[in-house]
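The next block holds one structure in the form of structure tokens; read it before the comments.
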Amino acid sequence: MASFSSKGPNTVTPEILKPDITAPGVSIIAAYTGAKSPTENALDERRTAFITESGTSMSCPHVSGVAGLLKKLHPDWSPAAIKSAIMTTARTRDNTVNPMLDGSFAKATPFSYGAGHMRPNRAKDPGLVYDLKVNDYLDFLCAIGYNESRIQLFSKAPYSCPRNASLLNFNYPSISVPKLSGSVTVSRTVKNVGSSSAIYVARLRQPRGVSVSVEPTTLKFDTTGEEKSFKLTFKNRNNAGAGGYVFGELLWSDGHHYVRSPIIVASNPLPTRHAISTRGCGQY
């Protein structure tokens with residue numbers, strides 16, 4: 001990962017992992033304007049049709065192009081389904097099949113690469129997608145504190161916020177629990193976009209110090225387009241990992257497709273019998 005690449009966590013809504021994905025962005029051959037010289041110096045009269053550029057502005061066109069290709073292949077897919085396909089089929093190893101490194105040559109985390117490095121050929125046939133509908137986005141606004149009159153500016157019609165609206169249950173391809181204290185259960189729904197009949201089995205890589213269980217552990221689909229829901233329960237084990245983020249993953253597979261979601265957890269310290277007052281202090 002390039003040292004200039006944007007890093008997580010998401011400081012606005014930490015329940016949603018950012019970044020989402022990584023793509024080629026270093027020394028990319030790109031079209032260049034004829035209105036300026038390569039140095040942008042007024043005395044430099046050279047002109048070139050192409051130049052090498054680096055930055056997230058180079059990664060973005062790669063992802064945008066892949067999204068366009070997926071929409072062409074699957075015109076009925078929503079933007080959320082396209083994003084899910086790109087994220088859940090990404091890889092977290094480099095081209096030497098070793099774990100990706102960050103700009104300091106330490107092992108990178110989802111806060112550097114999101115779900116991983118995109119793989120367009122895998123994304124065209126992801127097997128399952130985490131889809132979102134309009135009401136899911138409205139519930140997201142409810143969960144971050146928008147009142148119904150403000151939400152109506154988006155919905156163009158009256159909308160009642162559900163009492164249980166939670167960012168943790170936003171149907172995103174990644175799973176983030178930024179303030180785990182004791183235990184919490186989150187829900188997700190996946191849609192079968194592969195073969196009409198398939199059975200997916202769950203595999204978990206547990207974050208350090210956190211117990212994660214999935215229910216059910218098997219999802220059976222009888223038709224394409226069918227949706228199934230599951231729940232993940234997180235438990236903080238012995239106050240391990242308190243104050244910092246730890247990482248794991250959930251993988252659904254039918255033996256042909258591998259639908260991978262990164263798991264990101266930060267634990268709050270568990271209450272102790274003899275607590276010491278820390279009023280006026282805090283960790284941010």
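Each chain in the structure tokens gets a letter, A, B and so on, in the order shown; residues start at 1 in every chain, and ligands are counted from 1 in the order they appear.
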
Per residue of stretch 173-244 of chain A within 12 Å of stretch 77-88 of chain A, which atom pair is closest and at what distance in Å (one decimal), using only C-alpha atoms, listed by chain and increasing number, as CSV?
```
residue,atom,partner,partner_atom,distance
A:Pro173,CA,A:Ser84,CA,5.6
A:Ser174,CA,A:Met87,CA,8.2
A:Ile175,CA,A:Thr88,CA,11.7
A:Thr189,CA,A:Ala81,CA,11.8
A:Val190,CA,A:Ala81,CA,9.8
A:Lys191,CA,A:Ala81,CA,9.0
A:Asn192,CA,A:Ala81,CA,10.8
A:Val193,CA,A:Trp77,CA,9.4
A:Gly194,CA,A:Ala85,CA,11.5
A:Gly225,CA,A:Trp77,CA,10.7
```

| message | I'd like to know which residues of stretch 113-211 of chain A are helix (DSSP H, G or I) (by DSSP, run on the backbone); could you write them as an MDAnalysis selection string? | response | chainID A and resid 113 120:123 134:143 148:155 167:169

| query | Which polymer residues have any atom within 7 Å of an atom of A:Lys179, counting only C-alpha atoms, with same-chain residues fewer than 2 positions away left out, as JSON, numbers by chain? | reply | {"A": [177, 181, 266, 267, 268]}

Residues just named, written with all heavy atoms as an mmCIF file, in the first residue's frame:
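Wrote out_28.cif, looks like this:
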```
data_model
loop_
_atom_site.group_PDB
_atom_site.id
_atom_site.type_symbol
_atom_site.label_atom_id
_atom_site.label_comp_id
_atom_site.auth_asym_id
_atom_site.auth_seq_id
_atom_site.Cartn_x
_atom_site.Cartn_y
_atom_site.Cartn_z
ATOM 1 N N VAL A 177 -17.718 -3.272 14.313
ATOM 2 C CA VAL A 177 -18.295 -3.069 15.641
ATOM 3 C C VAL A 177 -17.295 -2.221 16.422
ATOM 4 O O VAL A 177 -16.341 -2.741 16.994
ATOM 5 C CB VAL A 177 -18.563 -4.406 16.356
ATOM 6 C CG1 VAL A 177 -19.199 -4.157 17.721
ATOM 7 C CG2 VAL A 177 -19.462 -5.304 15.516
ATOM 8 N N SER A 181 -18.907 -3.928 24.002
ATOM 9 C CA SER A 181 -18.869 -4.042 25.458
ATOM 10 C C SER A 181 -19.776 -5.208 25.843
ATOM 11 O O SER A 181 -20.984 -5.140 25.678
ATOM 12 C CB SER A 181 -19.348 -2.749 26.119
ATOM 13 O OG SER A 181 -19.297 -2.857 27.525
ATOM 14 N N ALA A 266 -13.546 -3.033 17.850
ATOM 15 C CA ALA A 266 -12.835 -2.352 18.933
ATOM 16 C C ALA A 266 -13.630 -2.572 20.205
ATOM 17 O O ALA A 266 -14.840 -2.325 20.250
ATOM 18 C CB ALA A 266 -12.681 -0.860 18.659
ATOM 19 N N SER A 267 -12.972 -3.068 21.236
ATOM 20 C CA SER A 267 -13.669 -3.414 22.470
ATOM 21 C C SER A 267 -13.581 -2.287 23.484
ATOM 22 O O SER A 267 -12.525 -1.688 23.677
ATOM 23 C CB SER A 267 -13.065 -4.683 23.079
ATOM 24 O OG SER A 267 -13.233 -5.775 22.214
ATOM 25 N N ASN A 268 -14.710 -2.016 24.128
ATOM 26 C CA ASN A 268 -14.693 -1.162 25.297
ATOM 27 C C ASN A 268 -14.244 -1.988 26.487
ATOM 28 O O ASN A 268 -14.536 -3.185 26.577
ATOM 29 C CB ASN A 268 -16.091 -0.602 25.590
ATOM 30 C CG ASN A 268 -16.428 0.557 24.693
ATOM 31 O OD1 ASN A 268 -15.547 1.188 24.101
ATOM 32 N ND2 ASN A 268 -17.707 0.854 24.579
#
```

| task | For atom CA of A:Asn135 and atom CA of A:Ala67, quote the distance in Å rounded to one decimal. | result | 22.8 Å

| task | Using backbone DSSP assignments, extract all strand (DSSP E or B) residues from stretch 40-213 of chain A; output them as a PyMOL selection string. | result | chain A and resi 50-53+91+93+99+101+107+117+128-129+175-180+183-192+198-205+210-213

| So which residues touch A:Asp139 within 9 Å, counting only C-alpha atoms, skipping near sequence neighbours fewer than 4 positions away, as a VMD selection string? | chain A and resid 134 to 135 143 to 144 161 to 162 165 to 167 170

| If you count only C-alpha atoms, which residues fall within 7 Å of A:Ala115, apart from same-chain ones fewer than 5 positions away, as a list of chain:residue names? |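 Here the qualifying residues turn out to be A:Asp20, A:Ile21, A:Met87, A:Thr88, A:Ala90, A:Pro110, A:Ser261, A:Pro262.
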
Residues from last step as file, N, CA and C atoms, as a tab-separated table (two decimals), in the first residue's frame:
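Result file is result.tsv:
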```
chain	number	residue	atom	x	y	z
A	20	ASP	N	-13.15	1.29	1.38
A	20	ASP	CA	-13.89	0.10	0.94
A	20	ASP	C	-12.99	-0.89	0.22
A	21	ILE	N	-12.11	-0.38	-0.63
A	21	ILE	CA	-11.39	-1.23	-1.58
A	21	ILE	C	-10.11	-0.52	-1.98
A	87	MET	N	-16.17	-5.74	-3.49
A	87	MET	CA	-15.54	-5.88	-2.17
A	87	MET	C	-15.38	-7.33	-1.74
A	88	THR	N	-16.41	-8.14	-1.92
A	88	THR	CA	-16.37	-9.50	-1.37
A	88	THR	C	-15.50	-10.46	-2.17
A	90	ALA	N	-12.47	-9.34	-3.39
A	90	ALA	CA	-11.13	-8.76	-3.37
A	90	ALA	C	-10.15	-9.69	-2.66
A	110	PRO	N	-7.28	-3.90	7.21
A	110	PRO	CA	-8.39	-3.31	6.46
A	110	PRO	C	-8.46	-1.79	6.53
A	261	SER	N	-16.01	-11.12	3.83
A	261	SER	CA	-16.29	-9.83	4.47
A	261	SER	C	-15.29	-9.59	5.58
A	262	PRO	N	-14.59	-8.45	5.57
A	262	PRO	CA	-13.70	-8.15	6.69
A	262	PRO	C	-14.51	-7.84	7.95
```

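Taking atom CA of A:Lys231 as the reference point, atom CA of A:Ser213 is found at 8.3 Å.
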
| For A:Gly255, which residue out of A:Cys60, A:Ala198, A:Ala106, A:Met118 is the nearest one, using only C-alpha atoms? |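 Closest residue, counting only C-alpha atoms: A:Ala198.
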
| Contacts of stretch 47-49 of chain A at 9 Å (only C-alpha atoms; same-chain gap of 2+ positions) as a ChimeraX atom specification | /A:30-38,44-45,51

| task | Would you mind reading off the distance between atom CA of A:Lys124 and atom CA of A:His74, one decimal, in Å? | result |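 Spanning atom CA of A:Lys124 to atom CA of A:His74 is a straight-line distance of 8.3 Å.
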
| So, counting only C-alpha atoms, which residue among A:Ile263, A:Met100, A:Val12, A:Ala2 is closest to A:Phe234? |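 Looking only at the distances to A:Phe234, the closest residue turns out to be A:Ile263.
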
| said: With distances taken over only C-alpha atoms, which residue among A:Gly8, A:Pro158, A:Gly114, A:Pro61 lies nearest A:Pro24? | reply: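 Closest residue, counting only C-alpha atoms: A:Pro61.
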
| field | Residue contacts of A:Thr223 (8 Å, only C-alpha atoms) excluding same-chain residues fewer than 6 positions away, as an NGL selection string | value | :A and (192 or 195-197)
